[in-house]
Amino acid sequence: MAANLNSSEDTTELNMELEALRHREELLDVAEQLANIGHCEWDYDDDRIKSCSAGYARIFNLSVAEVIGSQTSWEKVLQQIHPEDRELYTRSYRSQREVGSHEVEYRIVRADGAVRHVYETGTVEFDRAGDAVAAFGLLQDITDRKVYQQALEKREAMARQVEAITDIGHFIFDLQAESYIYLSQGFANIHGVTVEEYSSMVKSRGDDMEDVHPDDYAMLSDVYERHRRTGEEFNAEYRIYRTDGELRWIREHGMALRSANGEISQSIGVIQDITRQYNTEQNLREARDTLESMVKSRTRKLADTVRQLEAEISERKKIAAELDFLANHDALTGLPSLRLCKDRLDHSLAEARRHGQMSAVMFLDLDGFKAINDLHGHEFGDQVLKATADRIKGEIRETDTVARIGGDEFVVILSSVPEITIAERIASSLIQKISEPLSVELVDVKVGASIGIALYPKNGDTAEDLIRSADKAMYLIKRQGKGNFGFALPA
């Protein structure tokens with residue numbers, strides 16, 4: 001009876017131990033699932049896997065039986081490893097047999113074609129003779145971590161590239177300890193050092209500001225102090241001397257970070273090297289000043305026109321208007337150029353066609369001007385031309401146009417001419433007025449005028465035809481004795 005009792009107690013104790021063992025195995029399996037790990041035993045005598053856990057098999061997306069059936073030799077094991085990592089794994093495996101342990105990261109190719117990153121660590125069991133008989137390995141699937149790590153490295157590489165392209169860097173500064181918690185490589189590059197070198201040199205805010213230009217020191221110190229006290233966001237531009245002595249312009253933007261209790265604890269910010277931008281803007285300002293100086297120098301004689309324009313347009317539009325004026329007007333007299341003359345003549349002719357009216361073109365050439373110019377010089381001659389241009393403008397109607405087309409030649413456009421006598425009267429008045437004596441620089445001189453007149457549509461219907469006809473008529477007057485006017489022959 002006692003024997004039966006002991007046997008029953010032994011059975012109960014064995015069942016409890018088995019139940020505890022199954023419980024530990026279940027806990028181990030749960031732990032392996034949570035950690036994406038598994039373990040195995042390798043038999044060196046048979047050169048094959050001896051056993052493995054369910055977690056190990058899950059990493060290969062196989063059952064335990066499938067793993068045992070597939071890893072029956074070293075060659076078959078290598079077939080499950082990524083081709084690019086087989087040499088690495090082989091070296092680690094051989095080293096393990098010599099030193100007794102190993103750890104290695106590599107990739108496996110599962111039966112479904114999926115590539116997984118794994119981390120393996122193992123130890124070797126040696127017999128009394130010192131021969132390796134078995135290896136125990138722990139395998140962990142680190143694919144998710146590897147993918148995250150690669151993505152992080154890619155983002156960091158992109159951030160470094162962006163910093164290099166834009167000449168920026170960022171930082172985290174502890175306002176209480178007055179030291180940098182983090183510096184990017186871009187930040188260090190702007191200062192001409194490495195991150196480690198800058199961190200070792202800067203132990204306080206005072207150290208940080210040692211390279212600031214003396215003229216900017218007080219301003220920047222006030223900005224930092226106000227930021228430390230109030231936590232206000234700030235923007236500042238200042239100059240620094242890099243370690244190589246080069247002067248650089250810096251733009252800094254900072255924001256305060258507060259602790260859980262609301263205290264201002266840290267400052268996070270970005271700095272940018274704006275030296276090239278600053279120099280470019282400075283060069284543009286200088287180029288603009290130079291351009292304005294050149295334009296003003298060339299257009300001194302148009303001062304009256306410039307003053308009128310200054311009251312109506314901004315500085316930028318003023319320069320554009322002056323350039324446009326020079327392109328369409330004579331710089332000496334301010335009269336329209338040949339280009340603008342033809343444009344206005346085209347408009348006059350279009351208006352005459354619509355209303356069935358007559359227009360006239362006068363080609364006026366000064367008599368005796370060349371002798372004055374040769375005797376007294378070009379500057380004196382310019383004054384004579386300006387005075388003569390003013391006289392011509394005074395004798396024509398507001399609706400008419402006078403243009404200087406070169407030298408001492410002028411073209412007058414008479415719009416809406418009801419009858420030829422109007423053209424005759426204006427031509428006669430012009431000759432009389434131009435012929436009056438002129439006093440230039442206390443010297444009295446006198447010029448005359450010869451005028452050829454072409455009529456629309458009698459002598460042509462285009463600007464070129466009318467100007468050419470008037471020119472021929474003027475030369476005919478010159479040959480007949482000058483100081484008179486005459487009409488062109490019919491086309």
# chains A, B, ... in the order shown; residues from 1 in each chain; ligands from 1
call {"tool": "residues_around", "arguments": {"residues": "Arg226 in chain A", "least_positions_apart": "5", "cutoff": "12 Å", "atoms": "only C-alpha atoms", "output": "list in words"}}
result
Leu175, Met219, Leu220, Ser221, Gly231, Glu232, Glu233, Phe234, Asn235, Gly254, Met255, Ala256 and Ile264 of chain A
call {"tool": "residues_around", "arguments": {"residues": "range 237-240 of chain A", "least_positions_apart": "4", "cutoff": "7 Å", "atoms": "only C-alpha atoms", "output": "list in words"}}
result
Asp211, Val212, His213, Asp216, Leu247, Arg248, Trp249, Ile250, Arg251 and Glu252 of chain A
call {"tool": "residues_around", "arguments": {"residues": "Met201 in chain A", "least_positions_apart": "2", "cutoff": "12 Å", "atoms": "only C-alpha atoms", "output": "ChimeraX atom specification"}}
result
/A:179-180,188,191,193-199,203-211,243
call {"tool": "select_by_dssp", "arguments": {"residues": "range 165-383 of chain A", "states": "helix (DSSP H, G or I)", "output": "number ranges by chain"}}
result
A: 165-166, 185-191, 195-201, 205-208, 214-230, 275-298, 300-310, 315-328, 338-355, 369-376, 378-383
call {"tool": "write_last_selection", "arguments": {"atoms": "C-alpha atoms", "output": "short mmCIF file (atom, residue, chain, number, x, y, z; two decimals), in the first residue's frame"}}
result
data_model
loop_
_atom_site.label_atom_id
_atom_site.label_comp_id
_atom_site.auth_asym_id
_atom_site.auth_seq_id
_atom_site.Cartn_x
_atom_site.Cartn_y
_atom_site.Cartn_z
CA ILE A 165 23.39 73.55 -50.16
CA THR A 166 21.69 76.32 -48.19
CA GLN A 185 27.59 69.56 -38.90
CA GLY A 186 26.24 72.49 -40.92
CA PHE A 187 26.52 74.70 -37.82
CA ALA A 188 30.14 73.69 -37.34
CA ASN A 189 30.94 74.14 -41.05
CA ILE A 190 29.73 77.74 -40.93
CA HIS A 191 32.27 78.38 -38.14
CA VAL A 195 31.27 69.62 -34.26
CA GLU A 196 33.73 68.15 -31.76
CA GLU A 197 36.10 71.13 -32.06
CA TYR A 198 33.35 73.69 -31.55
CA SER A 199 31.87 71.79 -28.59
CA SER A 200 35.26 71.61 -26.92
CA MET A 201 35.89 75.35 -27.43
CA ARG A 205 27.66 81.99 -23.84
CA GLY A 206 30.75 84.15 -23.52
CA ASP A 207 32.83 81.52 -25.33
CA ASP A 208 30.11 81.30 -27.97
CA PRO A 214 33.04 93.88 -32.11
CA ASP A 215 30.54 96.18 -33.82
CA ASP A 216 27.80 93.55 -33.52
CA TYR A 217 28.66 92.24 -30.05
CA ALA A 218 26.47 94.55 -27.94
CA MET A 219 23.45 94.11 -30.21
CA LEU A 220 23.67 90.32 -30.21
CA SER A 221 24.29 90.19 -26.46
CA ASP A 222 21.08 92.16 -25.88
CA VAL A 223 19.16 89.83 -28.20
CA TYR A 224 20.38 86.71 -26.37
CA GLU A 225 19.70 88.21 -22.91
CA ARG A 226 16.16 89.28 -23.81
CA HIS A 227 15.51 85.82 -25.28
CA ARG A 228 16.79 84.17 -22.08
CA ARG A 229 14.57 86.34 -19.85
CA THR A 230 11.37 86.47 -21.89
CA THR A 275 27.67 86.22 -46.82
CA ARG A 276 27.17 85.51 -50.52
CA GLN A 277 23.63 86.84 -50.38
CA TYR A 278 24.78 89.96 -48.53
CA ASN A 279 27.64 90.54 -50.98
CA THR A 280 25.31 90.02 -53.94
CA GLU A 281 22.82 92.53 -52.56
CA GLN A 282 25.65 94.97 -51.89
CA ASN A 283 26.94 94.54 -55.45
CA LEU A 284 23.45 95.08 -56.81
CA ARG A 285 23.09 98.25 -54.76
CA GLU A 286 26.44 99.52 -56.04
CA ALA A 287 25.55 98.57 -59.62
CA ARG A 288 22.23 100.36 -59.30
CA ASP A 289 23.96 103.45 -57.92
CA THR A 290 26.49 103.34 -60.76
CA LEU A 291 23.73 102.95 -63.35
CA GLU A 292 21.78 105.83 -61.86
CA SER A 293 24.91 107.96 -61.90
CA MET A 294 25.58 107.13 -65.55
CA VAL A 295 22.00 107.84 -66.56
CA LYS A 296 21.95 111.15 -64.70
CA SER A 297 25.30 112.10 -66.23
CA ARG A 298 24.11 111.39 -69.76
CA ARG A 300 21.88 116.38 -67.64
CA LYS A 301 20.42 118.34 -70.54
CA LEU A 302 17.04 116.71 -69.86
CA ALA A 303 16.90 118.03 -66.28
CA ASP A 304 13.59 119.83 -66.79
CA THR A 305 11.95 116.69 -68.12
CA VAL A 306 13.48 114.63 -65.32
CA ARG A 307 12.11 116.97 -62.65
CA GLN A 308 8.62 116.69 -64.15
CA LEU A 309 8.89 112.90 -64.15
CA GLU A 310 10.17 112.77 -60.55
CA GLU A 315 12.68 106.22 -58.69
CA ARG A 316 12.58 102.86 -60.47
CA LYS A 317 9.98 104.00 -63.01
CA LYS A 318 11.85 107.29 -63.43
CA ILE A 319 14.96 105.47 -64.69
CA ALA A 320 12.88 103.38 -67.10
CA ALA A 321 11.12 106.52 -68.38
CA GLU A 322 14.43 108.31 -68.91
CA LEU A 323 15.82 105.39 -70.91
CA ASP A 324 12.65 105.25 -72.99
CA PHE A 325 12.86 109.02 -73.56
CA LEU A 326 16.46 108.74 -74.76
CA ALA A 327 15.47 106.01 -77.20
CA ASN A 328 12.76 108.18 -78.76
CA LEU A 338 13.29 110.10 -86.45
CA ARG A 339 11.86 106.89 -85.00
CA LEU A 340 9.21 108.69 -82.97
CA CYS A 341 8.62 111.14 -85.84
CA LYS A 342 7.70 108.27 -88.18
CA ASP A 343 5.45 106.76 -85.54
CA ARG A 344 3.56 110.02 -85.06
CA LEU A 345 3.39 110.54 -88.82
CA ASP A 346 1.85 107.08 -89.20
CA HIS A 347 -0.81 108.05 -86.62
CA SER A 348 -1.43 111.36 -88.41
CA LEU A 349 -1.87 109.61 -91.74
CA ALA A 350 -4.23 107.04 -90.23
CA GLU A 351 -6.33 109.85 -88.78
CA ALA A 352 -6.32 111.65 -92.15
CA ARG A 353 -7.48 108.48 -93.95
CA ARG A 354 -10.38 107.97 -91.52
CA HIS A 355 -11.62 111.55 -91.90
CA PHE A 369 24.80 126.55 -89.77
CA LYS A 370 27.91 124.64 -90.91
CA ALA A 371 29.93 127.85 -91.10
CA ILE A 372 28.87 128.83 -87.56
CA ASN A 373 29.71 125.37 -86.29
CA ASP A 374 33.15 125.39 -87.95
CA LEU A 375 33.93 128.92 -86.71
CA HIS A 376 32.74 128.72 -83.11
CA HIS A 378 30.41 122.22 -81.67
CA GLU A 379 29.32 123.33 -78.20
CA PHE A 380 28.47 126.77 -79.59
CA GLY A 381 26.69 125.08 -82.50
CA ASP A 382 24.68 122.96 -80.05
CA GLN A 383 23.41 126.11 -78.39
#
call {"tool": "atom_distance", "arguments": {"atom1": "CA of Lys446 in chain A", "atom2": "CA of Leu466 in chain A"}}
result
29.3 Å
call {"tool": "closest_residue", "arguments": {"among": "A:Gln357, A:Ser439, A:Asn61, A:Thr72", "to": "Asp45 in chain A", "atoms": "only C-alpha atoms"}}
result
A:Thr72
call {"tool": "residues_around", "arguments": {"residues": "Ala135 in chain A", "least_positions_apart": "5", "cutoff": "12 Å", "atoms": "only C-alpha atoms", "output": "ChimeraX atom specification"}}
result
/A:39-45,47-52,93-94,96-102,120-127
call {"tool": "residues_around", "arguments": {"residues": "range 395-410 of chain A", "least_positions_apart": "6", "cutoff": "6 Å", "atoms": "only C-alpha atoms", "output": "PyMOL selection string"}}
result
chain A and resi 335-338+341+364-366
call {"tool": "closest_residue", "arguments": {"among": "A:Leu88, A:Met358, A:Ala129, A:Ala454", "to": "Glu419 in chain A", "atoms": "only C-alpha atoms"}}
result
A:Met358
call {"tool": "closest_residue", "arguments": {"among": "A:Glu436, A:Asp390, A:Asp367, A:Glu441", "to": "Tyr475 in chain A", "atoms": "only C-alpha atoms"}}
result
A:Asp367
call {"tool": "closest_residue", "arguments": {"among": "A:Val412, A:Val147, A:Ile268, A:Ile451", "to": "Ile172 in chain A", "atoms": "only C-alpha atoms"}}
result
A:Ile268
